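**Student:** mmCIF, C-alpha atoms and all ligand atoms, file protein28.cif:
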data_structure
#
loop_
_atom_site.label_atom_id
_atom_site.label_comp_id
_atom_site.auth_asym_id
_atom_site.auth_seq_id
_atom_site.Cartn_x
_atom_site.Cartn_y
_atom_site.Cartn_z
CA MET A 45 88.84 -63.62 -9.49
CA THR A 46 89.67 -64.67 -5.90
CA VAL A 47 87.25 -63.52 -3.31
CA THR A 48 87.91 -63.84 0.39
CA VAL A 49 85.36 -63.41 3.11
CA GLY A 50 85.76 -62.60 6.76
CA ILE A 51 83.47 -63.68 9.55
CA ALA A 52 82.10 -60.66 11.34
CA THR A 53 82.47 -60.78 15.12
CA GLU A 54 80.49 -58.88 17.77
CA GLY A 55 83.26 -56.32 18.01
CA GLY A 56 82.99 -55.64 14.29
CA GLY A 57 86.45 -56.98 13.43
CA ILE A 58 87.38 -59.96 11.38
CA ALA A 59 87.72 -63.16 13.32
CA THR A 60 90.56 -65.52 12.66
CA PRO A 61 90.28 -69.22 13.28
CA PRO A 62 91.60 -70.04 16.76
CA SER A 63 94.09 -72.67 15.64
CA GLY A 64 95.04 -75.08 12.89
CA GLY A 65 93.97 -72.86 9.97
CA GLY A 66 96.56 -70.16 10.82
CA SER A 67 95.59 -66.47 10.49
CA ARG A 68 94.38 -66.70 6.89
CA PRO A 69 90.72 -65.51 6.48
CA VAL A 70 88.17 -68.05 5.27
CA GLU A 71 88.22 -68.28 1.51
CA LEU A 72 85.03 -68.04 -0.48
CA ALA A 73 85.81 -71.41 -2.09
CA GLU A 74 85.95 -73.01 1.38
CA LEU A 75 82.64 -71.44 2.29
CA MET A 76 81.11 -72.59 -0.99
CA SER A 77 82.08 -76.17 -0.39
CA THR A 78 80.44 -76.28 3.04
CA VAL A 79 77.40 -73.97 2.96
CA PRO A 80 74.25 -76.17 2.80
CA LEU A 81 72.56 -73.64 0.54
CA GLY A 82 72.53 -73.30 -3.23
CA MET A 83 74.70 -70.22 -3.83
CA ALA A 84 76.25 -68.83 -6.97
CA ILE A 85 78.01 -65.63 -8.02
CA ILE A 86 77.52 -64.56 -11.63
CA ASP A 87 79.62 -61.86 -13.30
CA ARG A 88 78.38 -59.22 -15.73
CA GLU A 89 79.12 -61.55 -18.67
CA LEU A 90 76.70 -64.04 -17.13
CA ARG A 91 79.47 -66.48 -16.22
CA PHE A 92 79.74 -68.49 -13.01
CA VAL A 93 82.38 -66.93 -10.74
CA GLU A 94 81.62 -69.19 -7.81
CA VAL A 95 79.12 -71.85 -6.98
CA SER A 96 78.45 -73.78 -3.78
CA ASP A 97 78.67 -77.55 -3.80
CA ALA A 98 74.98 -77.64 -2.89
CA MET A 99 74.07 -75.61 -5.98
CA ALA A 100 76.37 -77.73 -8.16
CA ALA A 101 74.54 -80.83 -6.89
CA MET A 102 71.20 -79.24 -7.79
CA HIS A 103 72.46 -78.72 -11.35
CA GLY A 104 74.00 -82.20 -11.50
CA VAL A 105 77.29 -80.65 -12.72
CA SER A 106 80.54 -80.45 -10.68
CA ARG A 107 81.59 -77.17 -9.12
CA GLU A 108 84.69 -77.06 -11.33
CA ALA A 109 82.56 -77.45 -14.44
CA HIS A 110 80.70 -74.24 -13.45
CA LEU A 111 83.61 -71.91 -12.81
CA GLY A 112 84.20 -69.41 -15.60
CA GLN A 113 81.49 -71.02 -17.75
CA PRO A 114 78.50 -69.14 -19.23
CA MET A 115 75.23 -69.79 -17.40
CA VAL A 116 73.38 -70.74 -20.57
CA GLU A 117 75.93 -73.50 -21.19
CA VAL A 118 75.95 -74.95 -17.69
CA LEU A 119 72.21 -74.78 -17.25
CA ARG A 120 71.40 -76.11 -20.71
CA ALA A 121 69.52 -79.09 -19.31
CA GLU A 122 67.67 -77.08 -16.67
CA PRO A 123 63.98 -76.47 -17.48
CA SER A 124 64.03 -73.03 -15.84
CA ALA A 125 67.39 -71.92 -17.29
CA ALA A 126 65.92 -69.14 -19.44
CA ASP A 127 64.03 -67.64 -16.49
CA VAL A 128 67.10 -67.78 -14.24
CA VAL A 129 69.28 -66.05 -16.84
CA ARG A 130 66.59 -63.40 -17.41
CA ARG A 131 66.37 -62.64 -13.69
CA VAL A 132 70.16 -62.43 -13.27
CA ARG A 133 70.33 -60.06 -16.20
CA ARG A 134 67.63 -57.88 -14.70
CA VAL A 135 69.40 -57.71 -11.33
CA LEU A 136 72.68 -56.80 -13.03
CA GLU A 137 70.95 -54.08 -15.04
CA THR A 138 68.66 -52.59 -12.39
CA GLY A 139 70.49 -53.36 -9.15
CA VAL A 140 67.13 -54.31 -7.63
CA ALA A 141 67.08 -57.57 -5.69
CA LEU A 142 64.47 -60.24 -6.35
CA GLU A 143 63.44 -62.21 -3.28
CA GLY A 144 61.57 -65.46 -2.75
CA VAL A 145 61.08 -66.54 -6.37
CA GLU A 146 59.50 -69.97 -6.40
CA ILE A 147 60.78 -72.45 -8.96
CA ILE A 148 59.03 -75.74 -9.53
CA HIS A 149 60.83 -78.56 -11.32
CA ARG A 150 59.00 -81.59 -12.54
CA GLU A 151 61.49 -84.36 -13.11
CA SER A 152 60.49 -87.62 -14.68
CA GLY A 153 62.53 -90.66 -13.79
CA ALA A 154 62.25 -94.39 -13.35
CA HIS A 155 59.86 -93.91 -10.41
CA GLY A 156 57.48 -91.59 -12.24
CA GLU A 157 57.30 -87.83 -11.99
CA ARG A 158 58.93 -86.03 -9.07
CA THR A 159 58.29 -82.43 -8.25
CA ARG A 160 60.95 -80.33 -6.58
CA VAL A 161 60.29 -76.86 -5.23
CA TYR A 162 63.03 -74.25 -4.89
CA ARG A 163 62.99 -70.73 -3.51
CA ALA A 164 65.49 -68.41 -5.08
CA SER A 165 66.68 -64.87 -4.31
CA TYR A 166 68.78 -62.71 -6.62
CA HIS A 167 70.93 -59.89 -5.20
CA PRO A 168 73.29 -57.43 -6.85
CA VAL A 169 76.93 -57.41 -5.63
CA ARG A 170 78.38 -53.89 -5.62
CA ARG A 171 81.93 -52.60 -5.56
CA ASP A 172 82.45 -48.85 -5.17
CA GLY A 173 78.77 -48.37 -6.02
CA ALA A 174 78.98 -50.25 -9.30
CA ILE A 175 77.26 -53.58 -9.84
CA VAL A 176 79.96 -56.13 -10.48
CA ALA A 177 78.09 -59.39 -10.03
CA ALA A 178 74.82 -61.02 -9.08
CA CYS A 179 74.48 -63.49 -6.27
CA ILE A 180 71.87 -66.27 -6.34
CA TYR A 181 70.67 -68.11 -3.24
CA VAL A 182 68.53 -71.17 -3.74
CA GLU A 183 66.84 -73.13 -0.99
CA ASP A 184 65.35 -76.55 -1.66
CA MET A 185 61.83 -76.30 -0.25
CA THR A 186 60.64 -79.72 -1.42
CA GLU A 187 60.73 -81.44 1.95
CA ARG A 188 59.27 -78.48 3.82
CA ARG A 189 56.43 -78.15 1.29
CA ARG A 190 55.77 -81.90 1.52
CA VAL A 191 55.47 -81.67 5.31
CA GLU A 192 53.27 -78.57 4.99
CA ALA A 193 51.09 -80.27 2.38
CA GLN A 194 50.76 -83.33 4.59
CA ARG A 195 49.84 -81.15 7.57
CA ASP A 196 47.30 -79.20 5.48
CA ALA A 197 45.83 -82.42 4.11
CA GLY A 198 45.63 -83.82 7.66
CA ALA A 199 43.91 -80.64 8.89
CA ALA A 200 41.51 -80.71 5.92
CA ARG A 201 40.72 -84.37 6.59
CA GLU A 202 40.08 -83.61 10.27
CA ARG A 203 37.89 -80.65 9.35
CA SER A 204 35.90 -82.74 6.92
CA VAL A 205 35.45 -85.53 9.51
CA ARG A 206 34.27 -82.94 12.06
CA GLU A 207 31.89 -81.35 9.56
CA GLN A 208 30.52 -84.76 8.59
CA ALA A 209 29.99 -85.64 12.27
CA LEU A 210 28.20 -82.31 12.83
CA ARG A 211 25.98 -82.89 9.78
CA GLU A 212 25.14 -86.39 11.00
CA THR A 213 24.33 -85.12 14.50
CA GLN A 214 22.13 -82.34 13.12
CA GLU A 215 20.39 -84.85 10.88
CA ALA A 216 19.89 -87.24 13.83
CA VAL A 217 18.43 -84.43 15.95
CA ARG A 218 16.14 -83.39 13.09
CA ALA A 219 15.03 -87.00 12.59
CA ARG A 220 14.38 -87.36 16.33
CA ASP A 221 12.30 -84.16 16.44
CA GLU A 222 10.35 -85.27 13.39
CA PHE A 223 9.77 -88.69 14.92
CA LEU A 224 8.59 -87.08 18.18
CA SER A 225 6.19 -84.88 16.30
CA VAL A 226 4.72 -87.71 14.22
CA ALA A 227 4.58 -90.11 17.17
CA ALA A 228 2.88 -87.56 19.43
CA HIS A 229 0.25 -86.71 16.82
CA GLU A 230 -0.40 -90.37 16.08
CA LEU A 231 -0.71 -91.23 19.78
CA ARG A 232 -3.05 -88.37 20.56
CA THR A 233 -5.90 -89.48 18.31
CA PRO A 234 -6.48 -92.97 19.80
CA LEU A 235 -5.92 -91.59 23.31
CA THR A 236 -8.61 -88.94 22.91
CA SER A 237 -10.97 -91.57 21.54
CA LEU A 238 -10.11 -93.97 24.37
CA ARG A 239 -10.85 -91.34 26.99
CA LEU A 240 -14.15 -90.46 25.41
CA HIS A 241 -15.23 -94.09 25.19
CA LEU A 242 -14.24 -94.74 28.78
CA GLN A 243 -16.39 -91.84 29.95
CA LEU A 244 -19.33 -93.02 27.80
CA LEU A 245 -18.98 -96.59 29.03
CA LEU A 246 -18.92 -95.53 32.67
CA ARG A 247 -21.97 -93.38 32.13
CA GLN A 248 -23.81 -96.22 30.42
CA VAL A 249 -23.11 -98.73 33.18
CA GLY A 250 -23.93 -96.04 35.73
CA GLY A 251 -27.50 -95.87 34.49
CA SER A 252 -29.65 -92.85 35.24
CA ASN A 253 -27.36 -91.17 37.82
CA GLN A 254 -24.49 -91.10 35.22
CA GLU A 255 -21.93 -92.18 37.85
CA PRO A 256 -19.96 -95.43 37.61
CA PRO A 257 -21.30 -98.13 39.94
CA ALA A 258 -19.54 -98.23 43.35
CA GLU A 259 -17.70 -101.47 42.59
CA LEU A 260 -16.26 -99.99 39.39
CA ALA A 261 -15.41 -96.55 40.77
CA PRO A 262 -11.86 -97.31 42.07
CA ARG A 263 -10.93 -99.01 38.76
CA ALA A 264 -12.46 -96.16 36.80
CA ARG A 265 -10.35 -93.68 38.79
CA VAL A 266 -7.15 -95.66 38.07
CA LEU A 267 -8.03 -95.87 34.39
CA ASP A 268 -8.79 -92.17 34.26
CA ARG A 269 -5.56 -91.27 36.09
CA GLN A 270 -3.40 -93.43 33.85
CA LEU A 271 -5.09 -92.08 30.75
CA SER A 272 -4.48 -88.53 31.98
CA ARG A 273 -0.83 -89.40 32.49
CA LEU A 274 -0.59 -90.74 28.97
CA VAL A 275 -2.29 -87.63 27.58
CA GLY A 276 0.14 -85.49 29.63
CA LEU A 277 3.16 -87.34 28.23
CA VAL A 278 1.91 -87.05 24.67
CA ASN A 279 1.22 -83.33 25.16
CA THR A 280 4.77 -82.89 26.47
CA LEU A 281 6.17 -84.51 23.33
CA LEU A 282 3.93 -82.31 21.21
CA ASP A 283 5.22 -79.22 23.01
CA VAL A 284 8.80 -80.24 22.37
CA SER A 285 8.17 -80.66 18.67
CA ARG A 286 6.31 -77.33 18.60
CA LEU A 287 9.26 -75.67 20.35
CA ALA A 288 11.70 -77.24 17.89
CA ALA A 289 9.63 -75.76 15.07
CA GLY A 290 9.17 -72.41 16.87
CA ARG A 291 5.40 -72.96 16.86
CA LEU A 292 4.44 -72.62 20.53
CA SER A 293 2.47 -69.42 20.89
CA LEU A 294 1.25 -67.53 23.95
CA GLU A 295 -2.08 -65.79 24.38
CA PRO A 296 -1.88 -63.54 27.43
CA ARG A 297 -5.15 -62.63 29.24
CA GLU A 298 -5.80 -60.86 32.55
CA LEU A 299 -5.87 -63.40 35.40
CA ASP A 300 -5.30 -63.78 39.12
CA LEU A 301 -2.16 -65.83 39.71
CA ALA A 302 -2.90 -66.19 43.44
CA GLN A 303 -6.20 -67.86 42.64
CA MET A 304 -4.56 -70.10 40.06
CA VAL A 305 -1.92 -71.22 42.59
CA ARG A 306 -4.64 -72.03 45.13
CA GLN A 307 -6.60 -74.03 42.57
CA MET A 308 -3.52 -75.96 41.50
CA ALA A 309 -2.66 -76.74 45.10
CA GLU A 310 -6.17 -78.05 45.56
CA ALA A 311 -5.92 -80.18 42.41
CA PHE A 312 -2.61 -81.64 43.66
CA SER A 313 -3.74 -82.32 47.23
CA GLU A 314 -4.48 -85.97 46.51
CA GLU A 315 -1.08 -86.53 44.92
CA PHE A 316 0.71 -84.93 47.87
CA THR A 317 -1.25 -87.07 50.29
CA ARG A 318 -0.42 -90.21 48.31
CA ALA A 319 3.28 -89.27 48.45
CA GLY A 320 3.02 -88.83 52.23
CA SER A 321 3.78 -85.16 51.94
CA THR A 322 2.00 -81.94 52.91
CA LEU A 323 1.66 -78.79 50.87
CA SER A 324 1.49 -75.42 52.57
CA LEU A 325 0.68 -72.20 50.77
CA HIS A 326 1.91 -68.68 51.53
CA VAL A 327 -0.23 -66.78 49.09
CA ASP A 328 -1.92 -63.47 49.86
CA GLY A 329 -4.72 -61.66 48.09
CA PRO A 330 -5.11 -61.46 44.37
CA LEU A 331 -2.05 -61.06 42.18
CA LEU A 332 -3.21 -59.77 38.85
CA GLY A 333 -1.30 -59.90 35.62
CA GLU A 334 -1.56 -60.84 31.96
CA TRP A 335 -0.45 -64.35 31.22
CA ASP A 336 -1.34 -67.28 28.99
CA SER A 337 -3.34 -69.28 31.53
CA LEU A 338 -2.88 -72.74 29.98
CA ARG A 339 0.88 -72.32 29.68
CA LEU A 340 1.15 -70.90 33.19
CA GLU A 341 -0.84 -73.85 34.52
CA GLN A 342 1.56 -76.14 32.71
CA VAL A 343 4.49 -74.46 34.46
CA LEU A 344 2.83 -74.89 37.87
CA VAL A 345 1.96 -78.53 37.11
CA ASN A 346 5.59 -79.23 36.22
CA LEU A 347 6.97 -77.63 39.38
CA LEU A 348 4.38 -79.23 41.67
CA SER A 349 4.69 -82.69 40.16
CA ASN A 350 8.48 -82.50 40.52
CA ALA A 351 8.04 -81.46 44.15
CA VAL A 352 5.84 -84.55 44.68
CA LYS A 353 8.17 -86.83 42.74
CA TYR A 354 11.51 -85.67 44.15
CA GLY A 355 10.23 -84.28 47.48
CA GLY A 356 10.96 -87.50 49.42
CA GLY A 357 7.58 -87.38 51.17
CA GLN A 358 8.66 -84.25 53.09
CA PRO A 359 6.63 -81.03 53.42
CA VAL A 360 6.49 -78.72 50.41
CA GLU A 361 5.92 -74.97 50.59
CA VAL A 362 4.65 -72.74 47.83
CA SER A 363 4.88 -68.99 48.25
CA LEU A 364 3.75 -66.20 45.98
CA ALA A 365 4.52 -62.49 46.35
CA SER A 366 4.77 -59.47 44.13
CA GLU A 367 7.91 -57.40 43.81
CA GLY A 368 6.82 -54.28 41.94
CA PRO A 369 5.87 -55.37 38.41
CA THR A 370 7.12 -58.91 38.99
CA ALA A 371 5.35 -61.92 40.47
CA VAL A 372 7.72 -64.17 42.40
CA LEU A 373 6.69 -67.77 42.99
CA ALA A 374 8.81 -70.23 44.95
CA VAL A 375 8.27 -73.99 45.24
CA LYS A 376 10.37 -75.37 48.05
CA ASP A 377 10.78 -79.04 48.90
CA GLN A 378 12.98 -80.92 51.35
CA GLY A 379 13.61 -83.91 49.11
CA ILE A 380 16.54 -85.48 47.33
CA GLY A 381 18.02 -82.17 46.10
CA ILE A 382 20.23 -81.76 43.04
CA SER A 383 23.98 -82.03 42.51
CA GLU A 384 25.88 -79.03 41.11
CA ASP A 385 26.39 -80.80 37.82
CA GLY A 386 22.68 -81.61 37.66
CA MET A 387 21.70 -77.98 38.31
CA ALA A 388 23.79 -76.84 35.35
CA ARG A 389 21.90 -79.19 33.03
CA LEU A 390 18.36 -79.73 34.18
CA PHE A 391 16.70 -76.98 32.14
CA GLY A 392 18.04 -78.61 28.95
CA LYS A 393 16.15 -80.92 26.62
CA PHE A 394 16.03 -84.56 27.87
CA GLU A 395 18.33 -83.66 30.78
CA ARG A 396 17.85 -85.52 34.03
CA ALA A 397 19.82 -85.59 37.27
CA VAL A 398 18.41 -88.86 38.60
CA SER A 399 18.66 -92.46 37.54
CA GLU A 400 15.88 -93.82 35.34
CA ARG A 401 15.64 -96.88 37.54
CA HIS A 402 14.44 -94.86 40.53
CA TYR A 403 12.46 -92.07 38.92
CA GLY A 404 10.56 -92.26 35.64
CA GLY A 405 10.37 -89.23 33.40
CA LEU A 406 11.41 -87.78 30.07
CA GLY A 407 13.56 -84.90 31.31
CA LEU A 408 11.41 -82.43 29.37
CA GLY A 409 9.27 -80.73 32.03
CA LEU A 410 11.83 -78.15 33.13
CA TYR A 411 13.00 -77.60 29.55
CA ILE A 412 9.46 -76.70 28.47
CA THR A 413 8.94 -74.72 31.67
CA ARG A 414 11.97 -72.55 31.04
CA GLN A 415 11.01 -71.97 27.40
CA ILE A 416 7.54 -70.83 28.44
CA VAL A 417 8.75 -68.68 31.34
CA GLU A 418 11.38 -66.96 29.21
CA ALA A 419 8.86 -66.35 26.43
CA MET A 420 6.75 -64.62 29.08
CA GLY A 421 9.73 -62.37 29.78
CA GLY A 422 10.49 -64.12 33.08
CA SER A 423 13.12 -66.40 34.51
CA ILE A 424 13.36 -69.62 36.46
CA THR A 425 16.22 -70.48 38.78
CA VAL A 426 16.95 -73.21 41.26
CA ARG A 427 18.67 -73.31 44.63
CA SER A 428 19.53 -76.76 45.81
CA ALA A 429 22.07 -79.08 47.39
CA GLN A 430 22.15 -82.83 47.14
CA GLY A 431 20.06 -84.40 49.91
CA LYS A 432 18.95 -81.01 51.18
CA GLY A 433 15.89 -80.26 49.05
CA SER A 434 15.37 -77.78 46.22
CA THR A 435 13.72 -74.43 45.73
CA PHE A 436 12.58 -73.42 42.25
CA ILE A 437 12.03 -69.68 41.90
CA LEU A 438 9.94 -68.23 39.15
CA ARG A 439 10.03 -64.51 38.35
CA LEU A 440 7.32 -63.37 35.97
CA PRO A 441 6.57 -59.82 34.81
CA THR A 442 2.88 -59.06 35.34
CA ARG A 443 2.67 -57.59 31.82
CA PRO A 444 3.83 -59.54 28.77
CA PRO A 445 6.91 -58.40 26.92
CA VAL A 446 6.37 -56.58 23.62
CA PRO A 447 5.23 -58.01 21.20
CA SER A 448 2.50 -59.44 23.39
CA LYS A 449 1.77 -62.56 21.34
CA ALA A 450 5.17 -64.13 21.71
CA ALA A 451 6.18 -67.17 19.71
CA VAL A 452 8.43 -69.51 21.61
CA GLY A 453 11.33 -70.86 19.62
CA ALA A 454 13.65 -73.78 20.16
CA ARG A 455 17.05 -73.46 21.67
P1 LIG B 501 11.73 -85.35 34.61
O1 LIG B 501 11.15 -85.10 35.97
O2 LIG B 501 10.79 -85.94 33.63
O3 LIG B 501 13.02 -86.08 34.66
P2 LIG B 501 12.16 -82.45 34.43
O4 LIG B 501 12.59 -81.67 33.25
O5 LIG B 501 10.92 -82.04 35.11
O6 LIG B 501 12.10 -83.94 33.93
O7 LIG B 501 13.33 -82.42 35.48
C1 LIG B 501 14.63 -82.63 35.04
C2 LIG B 501 15.48 -83.22 36.17
O8 LIG B 501 15.63 -82.23 37.19
C3 LIG B 501 14.85 -84.41 36.87
O9 LIG B 501 15.16 -85.59 36.19
C4 LIG B 501 15.50 -84.33 38.23
O10 LIG B 501 16.78 -84.92 38.18
C5 LIG B 501 15.69 -82.85 38.46
N1 LIG B 501 14.64 -82.25 39.31
C6 LIG B 501 13.57 -81.54 38.90
N2 LIG B 501 12.86 -81.09 39.96
C7 LIG B 501 13.49 -81.54 41.05
C8 LIG B 501 13.27 -81.40 42.48
N3 LIG B 501 12.22 -80.73 42.97
N4 LIG B 501 14.16 -82.00 43.31
C9 LIG B 501 15.22 -82.66 42.82
N5 LIG B 501 15.49 -82.83 41.50
C10 LIG B 501 14.65 -82.26 40.65
#
Would you write out, as structure tokens, the structure that this file holds?
Ligand code: ADP
**Tutor:**
Amino acid sequence: MTVTVGIATEGGGIATPPSGGGSRPVELAELMSTVPLGMAIIDRELRFVEVSDAMAAMHGVSREAHLGQPMVEVLRAEPSAADVVRRVRRVLETGVALEGVEIIHRESGAHGERTRVYRASYHPVRRDGAIVAACIYVEDMTERRRVEAQRDAGAARERSVREQALRETQEAVRARDEFLSVAAHELRTPLTSLRLHLQLLLRQVGGSNQEPPAELAPRARVLDRQLSRLVGLVNTLLDVSRLAAGRLSLEPRELDLAQMVRQMAEAFSEEFTRAGSTLSLHVDGPLLGEWDSLRLEQVLVNLLSNAVKYGGGQPVEVSLASEGPTAVLAVKDQGIGISEDGMARLFGKFERAVSERHYGGLGLGLYITRQIVEAMGGSITVRSAQGKGSTFILRLPTRPPVPSKAAVGAR
């Protein structure tokens, strides 16, 4: 059987080669010797009518040795011969094409076992409606699959490295939080005892009036101040570990925030004076609400000590006002200010926007402050520019959010 094929052109006609080949249409045999695809035409007697050179190479038998020969003979050595014949027979009988059949060959040779992957499609060839032949197309997918497998393995390796890194980071964070918790608890006990013994000692040397003698008083004050600082630092670490474990709880009670602000300002007056700064208050009348007083004090202490520390010895203003059901407190300094990058970070754990060399600190005050304020249903924001001072604004609802006894969790 001689089959000729034409090459369809856009106009729908049959193109003829422009020169050299004359006007003769391309013969199927010519196509078969050049097409880089395994192709074969099988007649109803299951004999090879045509086969491409590429397919012949896959079978390891010359093209000529295929033509007119029964499939079962030519493919005798092929491991998948029976399946191929069965599929061709089915296509010839049913006229239904089979697409994308994957064939895997395991070949053992001198260099061990090699796997080749092929993708085959089987199509019926019709003439006047009758099925006269079956056409097989086979694509060698081995290289593509190898590249895909390599890419998948690379992606899996990357994923596993990322997951491992994440696990290690989480473990490191957990170990740090555990260390903080243990260290803070361990430090607190001797500190409490130290403070107690210092007070007892001063009372004993003070005799009947229970005050330290005049020559010891300045030293006693320094000792007391430094001990308070240490206790403050340890309490901060304890808060962080409580937050990490979601164990910081609030106990709201009715209180006057205006009075608390005045008392805190009073307590800080010495520190402001020492820093060469002044503190002015704009606080009217009572401002009643339900808050956890210890936690609210902690928030005020954090904001005021930052104003002292970063206020550059310039005046600081604290104002308190109510806006409907919300208390609004602002702490404004004219100190070093904060860069934009710093503002985006400073409410995070251990985040600082200054160099350790110039300003000591753990970078936890504002983190704890925000956790407390948000647990109270409020918010804290900052307005600042580098070198132009900062204003921290606290907005707190006067009634606690429901449920009233909020537990503060880590973030
Ligand atoms: P710490 O003061 O221990 O570093 P904080 O959490 O209280 O920790 O503050 C975080 C960072 O925010 C500080 O390191 C500082 O860079 C910046 N900051 C806080 N308050 C002020 C302020 N009033 N002026 C300028 N920078 C501030």
**Student:** Can you check which parts of chain A lie within 6 Å of ligand LIG 501 (chain B)? Per residue, the shortest pair of atoms and distance in Å to one decimal, counting only C-alpha atoms and all ligand atoms, sorted by chain and number, as a Markdown table.
**Tutor:**
| residue | atom | partner | partner_atom | distance |
| --- | --- | --- | --- | --- |
| A:Asn350 | CA | B:LIG501 | N2 | 4.6 |
| A:Ala351 | CA | B:LIG501 | N3 | 4.4 |
| A:Tyr354 | CA | B:LIG501 | N4 | 4.6 |
| A:Ile380 | CA | B:LIG501 | C9 | 5.5 |
| A:Gly381 | CA | B:LIG501 | C9 | 4.3 |
| A:Ile382 | CA | B:LIG501 | C9 | 5.1 |
| A:Leu390 | CA | B:LIG501 | O8 | 4.8 |
| A:Glu395 | CA | B:LIG501 | C1 | 5.7 |
| A:Arg396 | CA | B:LIG501 | O9 | 3.5 |
| A:Ala397 | CA | B:LIG501 | O10 | 3.2 |
| A:Val398 | CA | B:LIG501 | O10 | 4.3 |
| A:Gly405 | CA | B:LIG501 | O2 | 3.3 |
| A:Leu406 | CA | B:LIG501 | O2 | 4.1 |
| A:Gly407 | CA | B:LIG501 | O6 | 3.1 |
| A:Leu408 | CA | B:LIG501 | O4 | 4.1 |
| A:Gly409 | CA | B:LIG501 | O4 | 3.7 |
| A:Leu410 | CA | B:LIG501 | O4 | 3.6 |
| A:Tyr411 | CA | B:LIG501 | O4 | 5.5 |
| A:Ser434 | CA | B:LIG501 | N4 | 5.3 |
**Student:** Excluding segment 165-173 of chain A and any residue of its chain fewer than 4 positions from it, enumerate the residues within 9 Å of it, using all atoms listed in the file, and give them as number ranges by chain.
**Tutor:** A: 85, 131-132, 135-136, 138-145, 177-183
**Student:** Extract, using all atoms listed in the file, all DNA, RNA and protein residues at most 9 Å from segment 217-226 of chain A, discarding same-chain residues fewer than 6 positions from it, and format them as a PyMOL selection string.
**Tutor:** chain A and resi 281-286+288-289
**Student:** So how far away is atom CA of Ala371 of chain A from atom CA of Gln358 of chain A, in Å?
**Tutor:** 25.9 Å
**Student:** Can you measure atom CA of Asp328 of chain A to atom CA of Val360 of chain A for me? One decimal in Å is fine.
**Tutor:**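 Separation between atom CA of Asp328 of chain A and atom CA of Val360 of chain A: 17.4 Å.
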**Student:** Using only C-alpha atoms, can you list as a short mmCIF file (atom, residue, chain, number, x, y, z; two decimals) with C-alpha atoms, in the coordinates of the input the residues within 12 Å of (69.8, -78.4, -0.1)?
**Tutor:**
data_model
loop_
_atom_site.label_atom_id
_atom_site.label_comp_id
_atom_site.auth_asym_id
_atom_site.auth_seq_id
_atom_site.Cartn_x
_atom_site.Cartn_y
_atom_site.Cartn_z
CA THR A 78 80.44 -76.28 3.04
CA VAL A 79 77.40 -73.97 2.96
CA PRO A 80 74.25 -76.17 2.80
CA LEU A 81 72.56 -73.64 0.54
CA GLY A 82 72.53 -73.30 -3.23
CA MET A 83 74.70 -70.22 -3.83
CA SER A 96 78.45 -73.78 -3.78
CA ASP A 97 78.67 -77.55 -3.80
CA ALA A 98 74.98 -77.64 -2.89
CA MET A 99 74.07 -75.61 -5.98
CA ALA A 100 76.37 -77.73 -8.16
CA ALA A 101 74.54 -80.83 -6.89
CA MET A 102 71.20 -79.24 -7.79
CA HIS A 103 72.46 -78.72 -11.35
CA ARG A 160 60.95 -80.33 -6.58
CA VAL A 161 60.29 -76.86 -5.23
CA TYR A 162 63.03 -74.25 -4.89
CA ARG A 163 62.99 -70.73 -3.51
CA ALA A 164 65.49 -68.41 -5.08
CA TYR A 181 70.67 -68.11 -3.24
CA VAL A 182 68.53 -71.17 -3.74
CA GLU A 183 66.84 -73.13 -0.99
CA ASP A 184 65.35 -76.55 -1.66
CA MET A 185 61.83 -76.30 -0.25
CA THR A 186 60.64 -79.72 -1.42
CA GLU A 187 60.73 -81.44 1.95
CA ARG A 188 59.27 -78.48 3.82
#
**Student:** Mind writing segment 144-149 of chain A to a file for me, with N, CA, C and O atoms, as a PDB file, in the first residue's frame?
**Tutor:**
ATOM      1  N   GLY A 144      -2.518   8.862  25.450  1.00  0.00           N
ATOM      2  CA  GLY A 144      -1.635   9.031  26.611  1.00  0.00           C
ATOM      3  C   GLY A 144      -1.412   7.785  27.449  1.00  0.00           C
ATOM      4  O   GLY A 144      -1.432   7.846  28.672  1.00  0.00           O
ATOM      5  N   VAL A 145      -1.207   6.645  26.790  1.00  0.00           N
ATOM      6  CA  VAL A 145      -0.936   5.410  27.549  1.00  0.00           C
ATOM      7  C   VAL A 145       0.552   5.407  27.915  1.00  0.00           C
ATOM      8  O   VAL A 145       1.409   5.578  27.056  1.00  0.00           O
ATOM      9  N   GLU A 146       0.809   5.256  29.199  1.00  0.00           N
ATOM     10  CA  GLU A 146       2.212   5.285  29.627  1.00  0.00           C
ATOM     11  C   GLU A 146       2.806   3.880  29.615  1.00  0.00           C
ATOM     12  O   GLU A 146       2.190   2.951  30.123  1.00  0.00           O
ATOM     13  N   ILE A 147       3.980   3.776  29.012  1.00  0.00           N
ATOM     14  CA  ILE A 147       4.639   2.461  28.951  1.00  0.00           C
ATOM     15  C   ILE A 147       6.013   2.598  29.587  1.00  0.00           C
ATOM     16  O   ILE A 147       6.773   3.506  29.237  1.00  0.00           O
ATOM     17  N   ILE A 148       6.281   1.744  30.548  1.00  0.00           N
ATOM     18  CA  ILE A 148       7.579   1.823  31.227  1.00  0.00           C
ATOM     19  C   ILE A 148       8.385   0.575  30.887  1.00  0.00           C
ATOM     20  O   ILE A 148       7.913  -0.548  31.083  1.00  0.00           O
ATOM     21  N   HIS A 149       9.591   0.812  30.354  1.00  0.00           N
ATOM     22  CA  HIS A 149      10.480  -0.313  30.026  1.00  0.00           C
ATOM     23  C   HIS A 149      11.649  -0.311  30.982  1.00  0.00           C
ATOM     24  O   HIS A 149      12.321   0.700  31.127  1.00  0.00           O
TER      25      HIS A 149
END
